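Text of data.pdb, listed as PDB, C-alpha atoms:
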```pdb
ATOM      1  CA  MET A   1     -67.642 -39.061 203.687  1.00  0.00           C
ATOM      2  CA  THR A   2     -69.459 -39.668 200.393  1.00  0.00           C
ATOM      3  CA  GLU A   3     -72.328 -42.151 200.030  1.00  0.00           C
ATOM      4  CA  ILE A   4     -74.931 -43.243 197.488  1.00  0.00           C
ATOM      5  CA  GLN A   5     -78.556 -42.995 198.602  1.00  0.00           C
ATOM      6  CA  LEU A   6     -80.138 -46.153 197.228  1.00  0.00           C
ATOM      7  CA  HIS A   7     -83.759 -44.889 197.263  1.00  0.00           C
ATOM      8  CA  ASP A   8     -84.677 -43.421 193.847  1.00  0.00           C
ATOM      9  CA  SER A   9     -81.353 -44.326 192.247  1.00  0.00           C
ATOM     10  CA  GLU A  10     -81.897 -45.816 188.782  1.00  0.00           C
ATOM     11  CA  ILE A  11     -80.421 -49.084 187.534  1.00  0.00           C
ATOM     12  CA  SER A  12     -79.838 -49.019 183.777  1.00  0.00           C
ATOM     13  CA  ALA A  13     -78.208 -52.460 183.410  1.00  0.00           C
ATOM     14  CA  VAL A  14     -77.038 -55.556 185.274  1.00  0.00           C
ATOM     15  CA  THR A  15     -74.263 -57.344 183.397  1.00  0.00           C
ATOM     16  CA  PRO A  16     -72.454 -60.579 184.341  1.00  0.00           C
ATOM     17  CA  ILE A  17     -68.826 -60.644 183.130  1.00  0.00           C
ATOM     18  CA  GLY A  18     -66.281 -63.308 184.057  1.00  0.00           C
ATOM     19  CA  GLY A  19     -67.626 -64.260 187.482  1.00  0.00           C
ATOM     20  CA  SER A  20     -68.478 -60.674 188.428  1.00  0.00           C
ATOM     21  CA  LEU A  21     -71.753 -58.793 188.222  1.00  0.00           C
ATOM     22  CA  PHE A  22     -71.797 -55.127 187.192  1.00  0.00           C
ATOM     23  CA  ILE A  23     -74.768 -53.057 188.379  1.00  0.00           C
ATOM     24  CA  SER A  24     -74.862 -49.794 186.425  1.00  0.00           C
ATOM     25  CA  LEU A  25     -76.631 -46.867 188.064  1.00  0.00           C
ATOM     26  CA  SER A  26     -77.469 -44.262 185.429  1.00  0.00           C
ATOM     27  CA  THR A  27     -78.660 -41.966 188.220  1.00  0.00           C
ATOM     28  CA  ALA A  28     -77.196 -42.299 191.688  1.00  0.00           C
ATOM     29  CA  TYR A  29     -78.052 -39.779 194.399  1.00  0.00           C
ATOM     30  CA  ILE A  30     -74.782 -38.788 196.064  1.00  0.00           C
ATOM     31  CA  HIS A  31     -74.546 -37.260 199.546  1.00  0.00           C
ATOM     32  CA  GLU A  32     -71.280 -35.817 200.872  1.00  0.00           C
ATOM     33  CA  SER A  33     -70.813 -34.571 204.419  1.00  0.00           C
ATOM     34  CA  ASN A  34     -68.169 -34.124 207.093  1.00  0.00           C
ATOM     35  CA  GLY A  35     -70.690 -35.861 209.366  1.00  0.00           C
ATOM     36  CA  VAL A  36     -73.226 -38.514 208.364  1.00  0.00           C
ATOM     37  CA  PRO A  37     -74.206 -38.226 204.667  1.00  0.00           C
ATOM     38  CA  GLY A  38     -77.957 -37.819 204.215  1.00  0.00           C
ATOM     39  CA  CYS A  39     -78.314 -36.675 207.817  1.00  0.00           C
ATOM     40  CA  ASP A  40     -75.862 -33.845 208.475  1.00  0.00           C
ATOM     41  CA  ARG A  41     -75.226 -30.716 206.414  1.00  0.00           C
ATOM     42  CA  GLY A  42     -73.365 -31.327 203.198  1.00  0.00           C
ATOM     43  CA  LEU A  43     -73.673 -31.492 199.443  1.00  0.00           C
ATOM     44  CA  ILE A  44     -75.873 -33.552 197.134  1.00  0.00           C
ATOM     45  CA  TRP A  45     -75.801 -34.284 193.403  1.00  0.00           C
ATOM     46  CA  THR A  46     -76.522 -37.045 190.899  1.00  0.00           C
ATOM     47  CA  GLN A  47     -73.940 -39.017 188.969  1.00  0.00           C
ATOM     48  CA  SER A  48     -73.536 -42.375 187.248  1.00  0.00           C
ATOM     49  CA  ALA A  49     -72.012 -45.207 189.254  1.00  0.00           C
ATOM     50  CA  VAL A  50     -71.016 -48.839 188.834  1.00  0.00           C
ATOM     51  CA  ILE A  51     -71.177 -51.432 191.592  1.00  0.00           C
ATOM     52  CA  LYS A  52     -69.072 -54.487 190.750  1.00  0.00           C
ATOM     53  CA  ILE A  53     -69.700 -57.589 192.831  1.00  0.00           C
ATOM     54  CA  ARG A  54     -66.822 -60.046 192.501  1.00  0.00           C
ATOM     55  CA  SER A  55     -66.971 -63.848 192.716  1.00  0.00           C
ATOM     56  CA  VAL A  56     -70.755 -63.829 192.377  1.00  0.00           C
ATOM     57  CA  THR A  57     -72.514 -66.880 193.815  1.00  0.00           C
ATOM     58  CA  SER A  58     -76.068 -65.809 192.923  1.00  0.00           C
ATOM     59  CA  ILE A  59     -77.371 -64.096 189.794  1.00  0.00           C
ATOM     60  CA  PRO A  60     -80.590 -62.048 190.090  1.00  0.00           C
ATOM     61  CA  ASN A  61     -83.657 -62.588 187.924  1.00  0.00           C
ATOM     62  CA  HIS A  62     -83.757 -60.538 184.743  1.00  0.00           C
ATOM     63  CA  VAL A  63     -85.959 -57.444 184.905  1.00  0.00           C
ATOM     64  CA  GLU A  64     -86.661 -54.711 182.364  1.00  0.00           C
ATOM     65  CA  TYR A  65     -84.375 -51.691 182.701  1.00  0.00           C
ATOM     66  CA  PRO A  66     -84.387 -48.918 183.657  1.00  0.00           C
ATOM     67  CA  ILE A  67     -85.737 -49.745 187.104  1.00  0.00           C
ATOM     68  CA  TRP A  68     -85.663 -47.738 190.313  1.00  0.00           C
ATOM     69  CA  ILE A  69     -84.458 -48.723 193.754  1.00  0.00           C
ATOM     70  CA  LEU A  70     -87.052 -48.378 196.515  1.00  0.00           C
ATOM     71  CA  ARG A  71     -84.770 -49.510 199.334  1.00  0.00           C
ATOM     72  CA  GLY A  72     -81.734 -51.612 199.902  1.00  0.00           C
ATOM     73  CA  SER A  73     -78.872 -52.795 202.020  1.00  0.00           C
ATOM     74  CA  LEU A  74     -75.322 -53.943 201.514  1.00  0.00           C
ATOM     75  CA  ARG A  75     -73.430 -56.322 203.794  1.00  0.00           C
ATOM     76  CA  ILE A  76     -69.684 -56.690 203.441  1.00  0.00           C
ATOM     77  CA  GLY A  77     -68.294 -59.104 205.998  1.00  0.00           C
ATOM     78  CA  GLU A  78     -69.768 -57.987 209.317  1.00  0.00           C
ATOM     79  CA  THR A  79     -70.496 -54.413 208.177  1.00  0.00           C
ATOM     80  CA  ILE A  80     -74.059 -53.591 207.105  1.00  0.00           C
ATOM     81  CA  TYR A  81     -75.074 -50.447 205.208  1.00  0.00           C
ATOM     82  CA  GLU A  82     -78.795 -49.611 205.204  1.00  0.00           C
ATOM     83  CA  GLU A  83     -80.248 -47.307 202.501  1.00  0.00           C
ATOM     84  CA  PHE A  84     -76.877 -45.555 201.957  1.00  0.00           C
ATOM     85  CA  VAL A  85     -73.705 -47.273 200.683  1.00  0.00           C
ATOM     86  CA  PRO A  86     -70.166 -45.972 200.146  1.00  0.00           C
ATOM     87  CA  ALA A  87     -69.799 -44.099 196.862  1.00  0.00           C
ATOM     88  CA  LEU A  88     -66.205 -45.184 196.275  1.00  0.00           C
ATOM     89  CA  GLY A  89     -63.965 -48.019 197.284  1.00  0.00           C
ATOM     90  CA  VAL A  90     -62.799 -51.591 197.041  1.00  0.00           C
ATOM     91  CA  PHE A  91     -64.188 -53.817 199.793  1.00  0.00           C
ATOM     92  CA  GLU A  92     -63.034 -57.354 200.497  1.00  0.00           C
ATOM     93  CA  GLY A  93     -65.028 -60.135 202.110  1.00  0.00           C
ATOM     94  CA  GLU A  94     -68.236 -62.041 201.711  1.00  0.00           C
ATOM     95  CA  SER A  95     -70.927 -59.641 200.488  1.00  0.00           C
ATOM     96  CA  GLU A  96     -74.666 -59.493 199.973  1.00  0.00           C
ATOM     97  CA  PHE A  97     -76.484 -56.686 198.129  1.00  0.00           C
ATOM     98  CA  ARG A  98     -80.285 -56.638 198.665  1.00  0.00           C
ATOM     99  CA  LEU A  99     -82.523 -54.301 196.678  1.00  0.00           C
ATOM    100  CA  GLU A 100     -86.247 -53.756 196.327  1.00  0.00           C
ATOM    101  CA  LEU A 101     -87.002 -52.440 192.845  1.00  0.00           C
ATOM    102  CA  SER A 102     -89.913 -50.773 191.079  1.00  0.00           C
ATOM    103  CA  ASN A 103     -90.674 -49.497 187.596  1.00  0.00           C
ATOM    104  CA  ILE A 104     -91.604 -45.844 187.114  1.00  0.00           C
ATOM    105  CA  ASP A 105     -95.369 -46.265 187.599  1.00  0.00           C
ATOM    106  CA  ASP A 106     -94.949 -48.781 190.447  1.00  0.00           C
ATOM    107  CA  SER A 107     -96.909 -51.436 188.522  1.00  0.00           C
ATOM    108  CA  PHE A 108     -93.998 -53.893 188.840  1.00  0.00           C
ATOM    109  CA  ARG A 109     -91.924 -54.726 191.914  1.00  0.00           C
ATOM    110  CA  GLU A 110     -89.070 -57.169 192.261  1.00  0.00           C
ATOM    111  CA  SER A 111     -86.446 -58.070 194.853  1.00  0.00           C
ATOM    112  CA  MET A 112     -82.815 -58.489 193.859  1.00  0.00           C
ATOM    113  CA  ILE A 113     -80.292 -60.324 196.020  1.00  0.00           C
ATOM    114  CA  VAL A 114     -76.699 -60.703 194.861  1.00  0.00           C
ATOM    115  CA  LYS A 115     -74.091 -62.584 196.890  1.00  0.00           C
ATOM    116  CA  GLY A 116     -70.394 -62.477 196.181  1.00  0.00           C
ATOM    117  CA  GLY A 117     -66.864 -62.235 197.451  1.00  0.00           C
ATOM    118  CA  GLY A 118     -66.148 -58.503 197.401  1.00  0.00           C
ATOM    119  CA  ILE A 119     -67.370 -55.190 196.030  1.00  0.00           C
ATOM    120  CA  THR A 120     -65.928 -52.303 194.044  1.00  0.00           C
ATOM    121  CA  ILE A 121     -67.939 -49.072 193.850  1.00  0.00           C
ATOM    122  CA  GLU A 122     -66.996 -46.281 191.428  1.00  0.00           C
ATOM    123  CA  LEU A 123     -68.574 -43.008 190.342  1.00  0.00           C
ATOM    124  CA  GLU A 124     -68.419 -42.336 186.606  1.00  0.00           C
ATOM    125  CA  GLY A 125     -68.824 -39.399 184.256  1.00  0.00           C
ATOM    126  CA  GLU A 126     -69.762 -35.859 185.154  1.00  0.00           C
ATOM    127  CA  ARG A 127     -71.779 -35.009 188.209  1.00  0.00           C
ATOM    128  CA  SER A 128     -74.875 -32.826 188.058  1.00  0.00           C
ATOM    129  CA  SER A 129     -74.914 -29.371 189.598  1.00  0.00           C
ATOM    130  CA  VAL A 130     -74.170 -29.549 193.303  1.00  0.00           C
ATOM    131  CA  GLU A 131     -76.738 -28.421 195.853  1.00  0.00           C
ATOM    132  CA  GLU A 132     -76.431 -27.808 199.551  1.00  0.00           C
ATOM    133  CA  PHE A 133     -78.168 -30.261 201.869  1.00  0.00           C
ATOM    134  CA  ASP A 134     -79.169 -28.675 205.163  1.00  0.00           C
ATOM    135  CA  GLY A 135     -79.967 -31.872 207.026  1.00  0.00           C
ATOM    136  CA  SER A 136     -83.628 -30.874 207.482  1.00  0.00           C
ATOM    137  CA  SER A 137     -84.857 -34.152 205.949  1.00  0.00           C
ATOM    138  CA  PRO A 138     -82.610 -36.691 207.668  1.00  0.00           C
ATOM    139  CA  ARG A 139     -82.100 -40.110 206.170  1.00  0.00           C
ATOM    140  CA  ARG A 140     -84.438 -42.842 207.268  1.00  0.00           C
ATOM    141  CA  SER A 141     -85.859 -46.091 206.028  1.00  0.00           C
ATOM    142  CA  VAL A 142     -88.340 -45.704 203.202  1.00  0.00           C
ATOM    143  CA  ASP A 143     -91.746 -47.313 203.745  1.00  0.00           C
TER     144      ASP A 143
END
```
Target format structure tokens, applied to this file:
Amino acid sequence: MTEIQLHDSEISAVTPIGGSLFISLSTAYIHESNGVPGCDRGLIWTQSAVIKIRSVTSIPNHVEYPIWILRGSLRIGETIYEEFVPALGVFEGESEFRLELSNIDDSFRESMIVKGGGITIELEGERSSVEEFDGSSPRRSVD
């Protein structure tokens, strides 16, 4: 299983196009594991990603980019992902993406909530060098 760790991932742009909202992550922290990504042994790397939210019913406030994700969650239908979201896939159903954001020196914080009718998540470009993750720092909520 491959997932994006939301904490410390960097948003470079949020672009509305034709009823959809594209959230571009210039740096997404990717965890891959045969068990639970970010908890069990596996691999980690960084890579660009795009999260497309279809049939958007709420547009977030504009913020200055780049901006970093402190924490977040994604709900698709009845399924809720906390702090880690799938790195690839097309997901149907009512969705809500909630993020807490901060600039690099933490002098600005903002919440982003986007509601829509489905999500597509794609990794883009080349990935960084791959490192082994030993599971010694298991995933948890960030305070």
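Each of A:His62, A:His7, A:Arg41, A:Lys52 was compared to Ser24 (chain A) using only C-alpha atoms, and A:Lys52 turns out to be the nearest.
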Close residues, Ser128 (chain A) itself excluded, 8 Å, only C-alpha atoms, min 2 positions apart in chain, as a short mmCIF file (atom, residue, chain, number, x, y, z; two decimals) with C-alpha atoms, in the coordinates of the input:
```cif
data_model
loop_
_atom_site.label_atom_id
_atom_site.label_comp_id
_atom_site.auth_asym_id
_atom_site.auth_seq_id
_atom_site.Cartn_x
_atom_site.Cartn_y
_atom_site.Cartn_z
CA TRP A 45 -75.80 -34.28 193.40
CA THR A 46 -76.52 -37.04 190.90
CA GLN A 47 -73.94 -39.02 188.97
CA GLU A 126 -69.76 -35.86 185.15
CA VAL A 130 -74.17 -29.55 193.30
#
```
Practice problem: For CA of Leu6 (chain A) and CA of Gly93 (chain A), quote the distance in Å rounded to one decimal. | Solution: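 So the answer is 21.2 Å.
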Self-check item: Length of the CA of Arg98 (chain A) to CA of Lys115 (chain A) vector [Å]
Solution: 8.8 Å
Self-check item: Nearby residues, (-72.9, -27.8, 202.0) file frame, 10 Å, only C-alpha atoms, as a count of residues only
Solution: 15
Quiz item: Written as an MDAnalysis selection string, what is the full residue list that the PyMOL selection byres ((chain A and resi 14) around 9) yields on the file shown?
Solution: chainID A and resid 11:13 15:16 21:24 60 62 65
Would you fill the gaps in region 29-47 of chain A so it has N, CA and C atoms, then print it as an mmCIF file, in the frame of the given file?
```cif
data_model
loop_
_atom_site.group_PDB
_atom_site.id
_atom_site.type_symbol
_atom_site.label_atom_id
_atom_site.label_comp_id
_atom_site.auth_asym_id
_atom_site.auth_seq_id
_atom_site.Cartn_x
_atom_site.Cartn_y
_atom_site.Cartn_z
ATOM 1 N N TYR A 29 -77.967 -40.973 193.559
ATOM 2 C CA TYR A 29 -78.052 -39.779 194.399
ATOM 3 C C TYR A 29 -76.900 -39.804 195.393
ATOM 4 N N ILE A 30 -75.999 -38.828 195.267
ATOM 5 C CA ILE A 30 -74.782 -38.788 196.064
ATOM 6 C C ILE A 30 -74.925 -37.748 197.171
ATOM 7 N N HIS A 31 -74.576 -38.160 198.383
ATOM 8 C CA HIS A 31 -74.546 -37.260 199.546
ATOM 9 C C HIS A 31 -73.115 -37.206 200.063
ATOM 10 N N GLU A 32 -72.618 -35.997 200.316
ATOM 11 C CA GLU A 32 -71.280 -35.817 200.872
ATOM 12 C C GLU A 32 -71.376 -34.920 202.094
ATOM 13 N N SER A 33 -70.742 -35.332 203.179
ATOM 14 C CA SER A 33 -70.813 -34.571 204.419
ATOM 15 C C SER A 33 -69.582 -34.852 205.269
ATOM 16 N N ASN A 34 -69.221 -33.888 206.104
ATOM 17 C CA ASN A 34 -68.169 -34.124 207.093
ATOM 18 C C ASN A 34 -68.708 -34.966 208.238
ATOM 19 N N GLY A 35 -70.040 -35.037 208.354
ATOM 20 C CA GLY A 35 -70.690 -35.861 209.366
ATOM 21 C C GLY A 35 -71.244 -37.116 208.722
ATOM 22 N N VAL A 36 -72.550 -37.352 208.932
ATOM 23 C CA VAL A 36 -73.226 -38.514 208.364
ATOM 24 C C VAL A 36 -73.950 -38.089 207.085
ATOM 25 N N PRO A 37 -73.536 -38.592 205.913
ATOM 26 C CA PRO A 37 -74.206 -38.226 204.667
ATOM 27 C C PRO A 37 -75.705 -38.547 204.720
ATOM 28 N N GLY A 38 -76.511 -37.622 204.217
ATOM 29 C CA GLY A 38 -77.957 -37.819 204.215
ATOM 30 C C GLY A 38 -78.600 -37.460 205.534
ATOM 31 N N CYS A 39 -77.804 -37.044 206.499
ATOM 32 C CA CYS A 39 -78.314 -36.675 207.817
ATOM 33 C C CYS A 39 -77.792 -35.293 208.207
ATOM 34 N N ASP A 40 -76.490 -35.114 208.101
ATOM 35 C CA ASP A 40 -75.862 -33.845 208.475
ATOM 36 C C ASP A 40 -75.685 -32.961 207.248
ATOM 37 N N ARG A 41 -75.457 -31.684 207.504
ATOM 38 C CA ARG A 41 -75.226 -30.716 206.414
ATOM 39 C C ARG A 41 -74.153 -31.227 205.465
ATOM 40 N N GLY A 42 -74.352 -30.915 204.191
ATOM 41 C CA GLY A 42 -73.365 -31.327 203.198
ATOM 42 C C GLY A 42 -73.811 -30.960 201.809
ATOM 43 N N LEU A 43 -73.369 -31.727 200.851
ATOM 44 C CA LEU A 43 -73.673 -31.492 199.443
ATOM 45 C C LEU A 43 -74.374 -32.704 198.866
ATOM 46 N N ILE A 44 -75.219 -32.471 197.857
ATOM 47 C CA ILE A 44 -75.873 -33.552 197.134
ATOM 48 C C ILE A 44 -75.798 -33.279 195.639
ATOM 49 N N TRP A 45 -75.776 -34.375 194.854
ATOM 50 C CA TRP A 45 -75.801 -34.284 193.403
ATOM 51 C C TRP A 45 -76.149 -35.663 192.849
ATOM 52 N N THR A 46 -76.341 -35.746 191.545
ATOM 53 C CA THR A 46 -76.522 -37.045 190.899
ATOM 54 C C THR A 46 -75.328 -37.305 189.994
ATOM 55 N N GLN A 47 -75.053 -38.604 189.803
ATOM 56 C CA GLN A 47 -73.940 -39.017 188.969
ATOM 57 C C GLN A 47 -74.128 -40.491 188.641
#
```
